[in-house]
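Structure data follow from model.cif (mmCIF, C-alpha atoms and all ligand atoms):
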data_target
#
loop_
_atom_site.label_atom_id
_atom_site.label_comp_id
_atom_site.auth_asym_id
_atom_site.auth_seq_id
_atom_site.Cartn_x
_atom_site.Cartn_y
_atom_site.Cartn_z
CA MET A 224 -14.41 -116.77 -42.44
CA ALA A 225 -16.96 -116.51 -45.21
CA LYS A 226 -17.79 -119.73 -47.00
CA SER A 227 -16.24 -119.73 -50.46
CA VAL A 228 -18.65 -119.93 -53.37
CA LYS A 229 -17.49 -121.63 -56.55
CA ALA A 230 -18.78 -120.33 -59.86
CA LYS A 231 -20.54 -122.92 -61.99
CA ASN A 232 -18.33 -124.56 -64.63
CA LYS A 233 -15.42 -122.38 -63.63
CA LYS A 234 -13.06 -123.25 -60.84
CA ILE A 235 -13.09 -119.78 -59.46
CA ASP A 236 -13.63 -118.59 -55.92
CA ILE A 237 -16.07 -115.77 -56.60
CA ILE A 238 -15.66 -114.21 -53.15
CA ASP A 239 -11.89 -114.07 -53.54
CA GLU A 240 -12.39 -112.53 -57.00
CA LEU A 241 -14.75 -109.93 -55.52
CA VAL A 242 -12.27 -109.02 -52.79
CA THR A 243 -9.59 -108.61 -55.48
CA ALA A 244 -11.92 -106.38 -57.52
CA ASN A 245 -12.41 -104.11 -54.51
CA ARG A 246 -8.67 -103.85 -53.91
CA ILE A 247 -7.93 -103.16 -57.58
CA LEU A 248 -10.57 -100.43 -57.87
CA ALA A 249 -9.11 -98.75 -54.78
CA ASN A 250 -5.54 -99.15 -55.95
CA GLU A 251 -6.30 -97.74 -59.40
CA GLY A 252 -8.04 -94.68 -57.90
CA ILE A 253 -11.53 -95.57 -59.16
CA VAL A 254 -13.00 -95.76 -55.66
CA ASP A 255 -11.78 -94.05 -52.50
CA SER A 256 -13.29 -94.82 -49.09
CA PHE A 257 -16.64 -95.05 -50.89
CA GLY A 258 -17.98 -96.90 -53.90
CA HIS A 259 -18.56 -100.63 -54.29
CA VAL A 260 -18.53 -103.63 -56.59
CA SER A 261 -20.88 -106.62 -56.55
CA VAL A 262 -21.26 -109.90 -58.41
CA ARG A 263 -24.41 -111.84 -59.22
CA HIS A 264 -24.47 -115.07 -57.21
CA PRO A 265 -23.14 -117.79 -59.56
CA GLU A 266 -25.75 -120.35 -58.44
CA ARG A 267 -28.64 -118.06 -57.49
CA PRO A 268 -29.25 -115.47 -60.22
CA ASP A 269 -31.85 -113.87 -57.94
CA ARG A 270 -29.14 -112.91 -55.46
CA TYR A 271 -25.89 -110.98 -55.43
CA LEU A 272 -22.77 -110.71 -53.31
CA LEU A 273 -21.54 -107.37 -51.96
CA SER A 274 -19.33 -106.29 -49.09
CA ARG A 275 -20.56 -104.85 -45.82
CA ALA A 276 -20.20 -101.05 -45.64
CA ARG A 277 -16.44 -100.68 -45.66
CA ALA A 278 -13.75 -98.89 -47.69
CA PRO A 279 -12.95 -101.12 -50.71
CA GLU A 280 -9.24 -101.08 -49.91
CA ARG A 281 -9.92 -102.79 -46.55
CA ILE A 282 -12.37 -105.48 -47.68
CA GLU A 283 -11.77 -109.12 -46.73
CA ALA A 284 -13.66 -112.30 -47.66
CA SER A 285 -15.41 -112.21 -44.27
CA ASP A 286 -17.04 -108.87 -45.23
CA ILE A 287 -19.05 -110.28 -48.15
CA ILE A 288 -22.83 -110.47 -47.65
CA GLU A 289 -25.41 -112.22 -49.84
CA PHE A 290 -28.49 -110.16 -50.82
CA THR A 291 -31.76 -110.78 -52.60
CA LEU A 292 -32.27 -108.50 -55.62
CA ASP A 293 -34.47 -106.16 -53.57
CA GLY A 294 -31.59 -105.55 -51.17
CA LYS A 295 -32.52 -107.83 -48.25
CA PRO A 296 -29.47 -109.41 -46.64
CA ILE A 297 -29.47 -113.22 -46.31
CA ASN A 298 -26.58 -113.52 -43.86
CA LEU A 299 -26.09 -110.11 -42.25
CA LYS A 300 -24.64 -111.41 -38.96
CA GLY A 301 -24.54 -107.96 -37.34
CA ARG A 302 -22.73 -106.33 -40.25
CA SER A 303 -23.88 -103.00 -41.74
CA PRO A 304 -24.80 -103.10 -45.44
CA TYR A 305 -24.10 -100.27 -47.88
CA THR A 306 -26.92 -97.72 -48.06
CA GLU A 307 -26.68 -97.74 -51.86
CA ARG A 308 -26.88 -101.53 -52.35
CA PHE A 309 -30.17 -100.99 -54.23
CA ILE A 310 -28.17 -99.87 -57.28
CA HIS A 311 -26.88 -103.40 -57.69
CA GLY A 312 -30.12 -105.38 -57.28
CA ALA A 313 -32.06 -103.02 -59.54
CA ILE A 314 -29.54 -103.48 -62.36
CA TYR A 315 -29.42 -107.28 -61.94
CA GLU A 316 -33.21 -107.36 -61.97
CA ARG A 317 -33.51 -105.39 -65.19
CA ARG A 318 -30.51 -106.89 -66.98
CA PRO A 319 -30.17 -110.70 -66.88
CA ASP A 320 -26.95 -110.37 -68.94
CA VAL A 321 -25.18 -108.37 -66.22
CA MET A 322 -23.02 -110.41 -63.85
CA ALA A 323 -21.12 -107.63 -62.02
CA VAL A 324 -21.85 -104.02 -61.11
CA VAL A 325 -19.53 -101.22 -59.99
CA HIS A 326 -20.72 -98.00 -58.40
CA ASN A 327 -18.05 -95.36 -57.99
CA HIS A 328 -17.45 -91.66 -57.54
CA SER A 329 -14.66 -91.78 -60.13
CA PRO A 330 -13.32 -88.19 -59.99
CA SER A 331 -12.86 -87.34 -63.69
CA THR A 332 -16.42 -88.41 -64.54
CA ILE A 333 -17.97 -85.83 -62.19
CA PRO A 334 -17.45 -82.76 -64.44
CA PHE A 335 -19.40 -84.52 -67.21
CA GLY A 336 -22.31 -85.26 -64.91
CA VAL A 337 -22.63 -81.68 -63.71
CA THR A 338 -22.21 -79.95 -67.09
CA GLY A 339 -24.13 -82.41 -69.22
CA LYS A 340 -21.15 -82.53 -71.61
CA LYS A 341 -21.56 -85.78 -73.55
CA MET A 342 -19.06 -88.50 -72.78
CA LYS A 343 -18.06 -90.63 -75.78
CA PRO A 344 -15.07 -92.90 -76.27
CA LEU A 345 -12.00 -91.26 -77.82
CA LEU A 346 -9.39 -93.98 -77.17
CA HIS A 347 -9.60 -97.56 -78.47
CA MET A 348 -9.12 -98.94 -74.93
CA CYS A 349 -12.15 -96.96 -73.81
CA ALA A 350 -14.62 -98.28 -76.40
CA SER A 351 -16.08 -100.65 -73.78
CA ILE A 352 -17.80 -97.70 -72.07
CA GLY A 353 -20.28 -97.79 -75.00
CA HIS A 354 -21.20 -95.42 -77.82
CA ASP A 355 -22.17 -92.73 -75.36
CA VAL A 356 -22.77 -92.56 -71.64
CA PRO A 357 -26.29 -91.61 -70.47
CA LEU A 358 -26.70 -89.23 -67.55
CA TRP A 359 -29.06 -89.90 -64.64
CA ASP A 360 -30.11 -86.97 -62.48
CA SER A 361 -31.73 -88.07 -59.22
CA HIS A 362 -33.31 -84.62 -58.85
CA ASP A 363 -35.50 -85.09 -61.93
CA LYS A 364 -37.73 -87.60 -60.16
CA PHE A 365 -36.76 -87.50 -56.50
CA GLY A 366 -36.08 -83.80 -55.87
CA ASN A 367 -33.85 -82.69 -53.02
CA THR A 368 -32.27 -85.82 -51.61
CA ALA A 369 -28.80 -86.57 -50.21
CA LEU A 370 -28.23 -88.00 -53.73
CA LEU A 371 -27.81 -91.51 -52.34
CA VAL A 372 -29.64 -94.35 -54.10
CA ASN A 373 -31.22 -95.62 -50.90
CA SER A 374 -34.36 -97.36 -52.21
CA MET A 375 -35.36 -99.81 -54.91
CA GLU A 376 -37.44 -97.06 -56.47
CA MET A 377 -34.33 -94.96 -57.03
CA GLY A 378 -32.38 -98.02 -58.12
CA HIS A 379 -35.01 -98.88 -60.72
CA ASP A 380 -34.97 -95.35 -62.08
CA LEU A 381 -31.18 -95.42 -62.40
CA ALA A 382 -31.24 -98.91 -64.00
CA LYS A 383 -33.78 -97.62 -66.51
CA ARG A 384 -31.43 -94.79 -67.49
CA LEU A 385 -28.56 -97.27 -67.86
CA GLY A 386 -30.81 -99.11 -70.32
CA LYS A 387 -28.98 -101.74 -72.34
CA GLY A 388 -25.61 -100.03 -71.96
CA ARG A 389 -22.54 -100.61 -69.85
CA THR A 390 -22.21 -97.23 -68.16
CA ALA A 391 -24.24 -94.32 -66.81
CA LEU A 392 -23.20 -91.13 -65.06
CA MET A 393 -24.99 -89.84 -61.96
CA ARG A 394 -25.19 -86.05 -61.71
CA GLY A 395 -23.20 -84.68 -58.77
CA HIS A 396 -22.47 -88.18 -57.54
CA GLY A 397 -20.59 -90.66 -59.73
CA ALA A 398 -21.22 -93.50 -62.14
CA VAL A 399 -22.44 -97.07 -62.51
CA VAL A 400 -20.88 -99.76 -64.65
CA ALA A 401 -22.49 -103.06 -65.65
CA GLY A 402 -20.25 -105.89 -66.85
CA ASN A 403 -20.61 -109.49 -67.92
CA SER A 404 -18.03 -110.53 -65.31
CA ILE A 405 -16.17 -108.95 -62.39
CA ARG A 406 -13.11 -108.42 -64.58
CA HIS A 407 -15.19 -106.83 -67.31
CA ALA A 408 -16.90 -104.39 -64.91
CA VAL A 409 -13.58 -103.39 -63.34
CA PHE A 410 -11.98 -102.99 -66.79
CA ILE A 411 -14.75 -100.68 -67.98
CA SER A 412 -14.60 -98.68 -64.74
CA VAL A 413 -10.87 -98.05 -65.12
CA TYR A 414 -11.25 -96.96 -68.74
CA LEU A 415 -14.32 -94.81 -68.04
CA GLU A 416 -12.17 -92.76 -65.68
CA LEU A 417 -9.35 -92.58 -68.24
CA ASN A 418 -11.74 -91.57 -71.03
CA ALA A 419 -13.08 -88.75 -68.87
CA LYS A 420 -9.60 -87.51 -68.03
CA LEU A 421 -8.41 -87.65 -71.65
CA THR A 422 -11.55 -85.92 -72.90
CA MET A 423 -10.94 -82.98 -70.57
CA GLN A 424 -7.32 -82.78 -71.74
CA ALA A 425 -8.31 -82.99 -75.42
CA MET A 426 -10.96 -80.28 -74.94
CA GLN A 427 -8.18 -77.87 -73.97
CA ILE A 428 -6.36 -78.50 -77.24
CA GLY A 429 -9.16 -78.51 -79.77
CA LYS A 430 -12.16 -80.24 -81.28
CA ILE A 431 -12.34 -83.91 -80.42
CA LYS A 432 -12.62 -86.63 -83.02
CA HIS A 433 -14.24 -89.47 -81.12
CA LEU A 434 -14.09 -93.10 -82.21
CA TYR A 435 -16.42 -93.88 -85.11
CA PRO A 436 -19.45 -95.99 -84.11
CA GLY A 437 -18.11 -98.86 -86.24
CA GLU A 438 -14.78 -98.66 -84.41
CA VAL A 439 -16.54 -98.81 -81.06
CA ASP A 440 -18.39 -101.95 -82.19
CA ALA A 441 -15.20 -103.52 -83.55
CA VAL A 442 -13.27 -102.95 -80.31
CA ILE A 443 -16.14 -104.23 -78.16
CA ALA A 444 -16.36 -107.37 -80.32
CA ARG A 445 -12.73 -108.23 -79.68
CA THR A 446 -12.61 -107.34 -75.97
CA GLY A 447 -12.60 -110.75 -74.32
CA PRO A 448 -10.47 -112.80 -71.91
CA TYR A 449 -7.26 -112.05 -73.86
CA THR A 450 -7.58 -108.35 -73.02
CA LEU A 451 -9.30 -108.59 -69.65
CA ASN A 452 -6.88 -111.14 -68.19
CA ARG A 453 -3.86 -109.17 -69.32
CA ALA A 454 -5.09 -106.08 -67.48
CA TRP A 455 -6.27 -108.15 -64.50
CA GLU A 456 -2.87 -109.80 -64.01
CA ASN A 457 -1.16 -106.42 -63.93
CA TRP A 458 -3.74 -104.84 -61.62
CA CYS A 459 -3.62 -107.86 -59.27
CA ARG A 460 0.15 -107.49 -58.94
CA ARG A 461 -0.14 -103.76 -58.30
CA ALA A 462 -2.79 -104.35 -55.63
CA GLY A 463 -0.81 -107.18 -54.01
CA ARG A 464 -3.43 -109.84 -54.87
CA LYS A 465 -2.97 -113.30 -56.33
CA MET A 466 -4.67 -113.73 -59.70
CA GLN A 467 -7.01 -116.66 -60.13
CA VAL A 468 -6.50 -118.34 -63.46
CA ILE A 469 -9.67 -118.57 -65.58
CA ASP A 470 -9.54 -120.30 -68.98
ZN ZN B 501 -22.46 -93.33 -54.27
#
Output the structure of this file as structure tokens.
Ligand SMILES: [Zn+2]
Amino acid sequence: MAKSVKAKNKKIDIIDELVTANRILANEGIVDSFGHVSVRHPERPDRYLLSRARAPERIEASDIIEFTLDGKPINLKGRSPYTERFIHGAIYERRPDVMAVVHNHSPSTIPFGVTGKKMKPLLHMCASIGHDVPLWDSHDKFGNTALLVNSMEMGHDLAKRLGKGRTALMRGHGAVVAGNSIRHAVFISVYLELNAKLTMQAMQIGKIKHLYPGEVDAVIARTGPYTLNRAWENWCRRAGRKMQVID
């Protein structure tokens, strides 16, 4: 069994929370057999926690590995890490405010990445994705690759495109989401997928009136534990996981 790690000042088992995040993302259709979610180590900001290479729906506490920000495993113990773990460390390195990262191949986001059609929030629940979602194309700098972010160099380039935002699309591949907690990153990931789906539906009907920038700011300002915990409780139940109570 993996040793549980308690977050500072919060009686929360961060490994249990990370396992729950994996199960929720799978259950809500945001990840399939691929995609991953990590959390910055609560006591070592220069490290992060991420599962071994396994489908998110199957992940247990014993699968969680600790990494340095450049992707070196601390306690590998014969387990295989994800090839694309560099996404996580590169974002944590560039963004001290980010505490959790999701990388997914969320299906409805893909058409936006391959057409360059701008993704902007059109539903109040989706404001957390940010004013607009930048697009990263691995081909611009790295040419013909298998599209996998398999080096820190690629991770840094992607993190740069993410900038100060919460989300970025990856052409022909998927998306990354950066949150200030595991619950926040999962929340944004779920609503990024919904925003993409609704945008495609709205495009079939007519011209889209997106949220005004001031509305996006207003929704983001009020998206805190009240909202995140309400969604988390429901998603935990659906995924068959016990919710940890955080004040
Ligand atoms: Zn990927």
Return the single residue from A:Leu417, A:Ala382, A:Ile469, A:Ala278 that is closest to A:Glu316, with distances computed using all atoms listed in the file.
A:Ala382
Excluding same-chain residues fewer than 4 positions from A:Arg384, what lies within 8 Å of it counting all atoms listed in the file, as a PDB file with C-alpha atoms, in the coordinates of the input?
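The resulting file, part-v3.pdb, is shown below:
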ATOM      1  CA  PRO A 357     -26.290 -91.610 -70.470  1.00  0.00           C
ATOM      2  CA  LEU A 358     -26.700 -89.230 -67.550  1.00  0.00           C
ATOM      3  CA  TRP A 359     -29.060 -89.900 -64.640  1.00  0.00           C
ATOM      4  CA  ASP A 380     -34.970 -95.350 -62.080  1.00  0.00           C
ATOM      5  CA  ALA A 391     -24.240 -94.320 -66.810  1.00  0.00           C
TER       6      ALA A 391
END
Spatial neighbours of stretch 306-314 of chain A, max dist 9 Å, all atoms listed in the file, sep filter under 2 positions, as a ChimeraX atom specification
/A:258-263,269-271,273,276,290-294,303-304,316-319,321,323-326,371-383,385,399,401
Can you work out which one of A:Ser412, A:Ile333, A:Tyr315, A:Ile235 has the shortest atom-to-atom distance to A:Val468, counting only C-alpha atoms?
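Once distances to A:Val468 are computed over only C-alpha atoms, the minimum belongs to A:Ile235.
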From the list A:Leu421, A:Ala444, A:Ala369, A:Cys459, which residue is nearest ligand ZN 501 (chain B) when using all atoms listed in the file?
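Selected residue with least distance to ligand ZN 501 (chain B): A:Ala369.
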Can you report as JSON the centre and edge lengths in Å, to one decimal, of an axis-aligned box around the listed atoms of stretch 445-461 of chain A padded with 4 Å on each side?
{"center_x": -6.3, "center_y": -108.3, "center_z": -69.0, "size_x": 20.9, "size_y": 17.0, "size_z": 29.4}
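As for atom CA of A:Asn250 and atom CA of A:Lys234, they are spaced 25.7 Å apart.
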Atom pair atom CA of A:Gly366 / atom CA of A:Pro296: separation (Å)
28.0 Å
Return the single residue from A:Thr243, A:Thr422, A:Ser404, A:Gln427 that is closest to A:Pro334, with distances computed using all atoms listed in the file.
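The shortest atom-to-atom distance to A:Pro334 comes from A:Thr422.
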In Å, with one decimal, what is the gap from atom CA of A:Arg445 to atom CA of A:Glu416?
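Distance reported for this atom pair: 20.9 Å.
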Nearest candidate to ligand ZN 501 (chain B) (options A:Ala398, A:Met342, A:Ala425, A:Ala462; using all atoms listed in the file)
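Counting all atoms listed in the file, the residue closest to ligand ZN 501 (chain B) is A:Ala398.
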Which of these, A:Gly395, A:Gly388, A:Leu345, A:His407, has the shortest distance to ligand ZN 501 (chain B) once you count all atoms listed in the file?
A:Gly395
Any idea what's packed within 12 Å of A:Glu456, counting only C-alpha atoms, ignoring anything in its chain fewer than 2 positions away? Could you give it as a short mmCIF file (atom, residue, chain, number, x, y, z; two decimals) with C-alpha atoms, keeping the file's coordinate frame?
data_model
loop_
_atom_site.label_atom_id
_atom_site.label_comp_id
_atom_site.auth_asym_id
_atom_site.auth_seq_id
_atom_site.Cartn_x
_atom_site.Cartn_y
_atom_site.Cartn_z
CA THR A 243 -9.59 -108.61 -55.48
CA ALA A 244 -11.92 -106.38 -57.52
CA ILE A 247 -7.93 -103.16 -57.58
CA ARG A 406 -13.11 -108.42 -64.58
CA PHE A 410 -11.98 -102.99 -66.79
CA PRO A 448 -10.47 -112.80 -71.91
CA TYR A 449 -7.26 -112.05 -73.86
CA THR A 450 -7.58 -108.35 -73.02
CA LEU A 451 -9.30 -108.59 -69.65
CA ASN A 452 -6.88 -111.14 -68.19
CA ARG A 453 -3.86 -109.17 -69.32
CA ALA A 454 -5.09 -106.08 -67.48
CA TRP A 458 -3.74 -104.84 -61.62
CA CYS A 459 -3.62 -107.86 -59.27
CA ARG A 460 0.15 -107.49 -58.94
CA ARG A 461 -0.14 -103.76 -58.30
CA ALA A 462 -2.79 -104.35 -55.63
CA GLY A 463 -0.81 -107.18 -54.01
CA ARG A 464 -3.43 -109.84 -54.87
CA LYS A 465 -2.97 -113.30 -56.33
CA MET A 466 -4.67 -113.73 -59.70
CA GLN A 467 -7.01 -116.66 -60.13
CA VAL A 468 -6.50 -118.34 -63.46
CA ILE A 469 -9.67 -118.57 -65.58
#
When you look at A:Asn298 with a cut-off of 10 Å (counting only C-alpha atoms), what residues show up, excluding the ones that are within fewer than 6 positions of it in the same chain? I need them as number ranges by chain.
A: 287-290
Missing atoms of stretch 278-306 of chain A rebuilt to N, CA and C atoms, written as an mmCIF file, in the frame of the given file:
data_model
loop_
_atom_site.group_PDB
_atom_site.id
_atom_site.type_symbol
_atom_site.label_atom_id
_atom_site.label_comp_id
_atom_site.auth_asym_id
_atom_site.auth_seq_id
_atom_site.Cartn_x
_atom_site.Cartn_y
_atom_site.Cartn_z
ATOM 1 N N ALA A 278 -14.563 -99.410 -46.589
ATOM 2 C CA ALA A 278 -13.750 -98.890 -47.690
ATOM 3 C C ALA A 278 -13.221 -100.059 -48.516
ATOM 4 N N PRO A 279 -13.355 -100.004 -49.849
ATOM 5 C CA PRO A 279 -12.950 -101.120 -50.710
ATOM 6 C C PRO A 279 -11.516 -101.624 -50.471
ATOM 7 N N GLU A 280 -10.642 -100.716 -50.129
ATOM 8 C CA GLU A 280 -9.240 -101.080 -49.910
ATOM 9 C C GLU A 280 -9.057 -102.012 -48.714
ATOM 10 N N ARG A 281 -10.029 -102.022 -47.807
ATOM 11 C CA ARG A 281 -9.920 -102.790 -46.550
ATOM 12 C C ARG A 281 -10.702 -104.093 -46.581
ATOM 13 N N ILE A 282 -11.423 -104.353 -47.675
ATOM 14 C CA ILE A 282 -12.370 -105.480 -47.680
ATOM 15 C C ILE A 282 -11.691 -106.847 -47.694
ATOM 16 N N GLU A 283 -12.242 -107.739 -46.840
ATOM 17 C CA GLU A 283 -11.770 -109.120 -46.730
ATOM 18 C C GLU A 283 -12.933 -110.042 -47.114
ATOM 19 N N ALA A 284 -12.621 -111.323 -47.298
ATOM 20 C CA ALA A 284 -13.660 -112.300 -47.660
ATOM 21 C C ALA A 284 -14.776 -112.337 -46.608
ATOM 22 N N SER A 285 -14.415 -112.143 -45.356
ATOM 23 C CA SER A 285 -15.410 -112.210 -44.270
ATOM 24 C C SER A 285 -16.386 -111.029 -44.281
ATOM 25 N N ASP A 286 -16.144 -110.036 -45.138
ATOM 26 C CA ASP A 286 -17.040 -108.870 -45.230
ATOM 27 C C ASP A 286 -18.173 -109.087 -46.238
ATOM 28 N N ILE A 287 -18.089 -110.116 -47.049
ATOM 29 C CA ILE A 287 -19.050 -110.280 -48.150
ATOM 30 C C ILE A 287 -20.393 -110.822 -47.649
ATOM 31 N N ILE A 288 -21.455 -110.130 -48.051
ATOM 32 C CA ILE A 288 -22.830 -110.470 -47.650
ATOM 33 C C ILE A 288 -23.607 -110.866 -48.906
ATOM 34 N N GLU A 289 -24.533 -111.812 -48.721
ATOM 35 C CA GLU A 289 -25.410 -112.220 -49.840
ATOM 36 C C GLU A 289 -26.735 -111.458 -49.710
ATOM 37 N N PHE A 290 -27.237 -110.932 -50.824
ATOM 38 C CA PHE A 290 -28.490 -110.160 -50.820
ATOM 39 C C PHE A 290 -29.470 -110.720 -51.845
ATOM 40 N N THR A 291 -30.762 -110.541 -51.565
ATOM 41 C CA THR A 291 -31.760 -110.780 -52.600
ATOM 42 C C THR A 291 -31.742 -109.536 -53.506
ATOM 43 N N LEU A 292 -32.355 -109.630 -54.680
ATOM 44 C CA LEU A 292 -32.270 -108.500 -55.620
ATOM 45 C C LEU A 292 -32.924 -107.230 -55.078
ATOM 46 N N ASP A 293 -33.866 -107.378 -54.139
ATOM 47 C CA ASP A 293 -34.470 -106.160 -53.570
ATOM 48 C C ASP A 293 -33.688 -105.625 -52.362
ATOM 49 N N GLY A 294 -32.490 -106.141 -52.164
ATOM 50 C CA GLY A 294 -31.590 -105.550 -51.170
ATOM 51 C C GLY A 294 -31.691 -106.103 -49.766
ATOM 52 N N LYS A 295 -32.412 -107.241 -49.597
ATOM 53 C CA LYS A 295 -32.520 -107.830 -48.250
ATOM 54 C C LYS A 295 -31.337 -108.770 -48.016
ATOM 55 N N PRO A 296 -30.619 -108.540 -46.915
ATOM 56 C CA PRO A 296 -29.470 -109.410 -46.640
ATOM 57 C C PRO A 296 -29.901 -110.812 -46.196
ATOM 58 N N ILE A 297 -29.175 -111.830 -46.662
ATOM 59 C CA ILE A 297 -29.470 -113.220 -46.310
ATOM 60 C C ILE A 297 -28.689 -113.622 -45.063
ATOM 61 N N ASN A 298 -27.469 -113.102 -44.956
ATOM 62 C CA ASN A 298 -26.580 -113.520 -43.860
ATOM 63 C C ASN A 298 -25.866 -112.298 -43.259
ATOM 64 N N LEU A 299 -26.646 -111.380 -42.736
ATOM 65 C CA LEU A 299 -26.090 -110.110 -42.250
ATOM 66 C C LEU A 299 -25.122 -110.288 -41.075
ATOM 67 N N LYS A 300 -25.492 -111.103 -40.128
ATOM 68 C CA LYS A 300 -24.640 -111.410 -38.960
ATOM 69 C C LYS A 300 -24.074 -110.146 -38.296
ATOM 70 N N GLY A 301 -24.942 -109.164 -38.074
ATOM 71 C CA GLY A 301 -24.540 -107.960 -37.340
ATOM 72 C C GLY A 301 -23.747 -106.953 -38.147
ATOM 73 N N ARG A 302 -23.513 -107.251 -39.415
ATOM 74 C CA ARG A 302 -22.730 -106.330 -40.250
ATOM 75 C C ARG A 302 -23.640 -105.260 -40.864
ATOM 76 N N SER A 303 -23.083 -104.082 -41.129
ATOM 77 C CA SER A 303 -23.880 -103.000 -41.740
ATOM 78 C C SER A 303 -23.756 -103.044 -43.253
ATOM 79 N N PRO A 304 -24.896 -103.117 -43.974
ATOM 80 C CA PRO A 304 -24.800 -103.100 -45.440
ATOM 81 C C PRO A 304 -24.630 -101.684 -45.977
ATOM 82 N N TYR A 305 -24.191 -101.583 -47.227
ATOM 83 C CA TYR A 305 -24.100 -100.270 -47.880
ATOM 84 C C TYR A 305 -25.509 -99.702 -48.068
ATOM 85 N N THR A 306 -25.646 -98.412 -47.841
ATOM 86 C CA THR A 306 -26.920 -97.720 -48.060
ATOM 87 C C THR A 306 -27.357 -97.829 -49.523
#
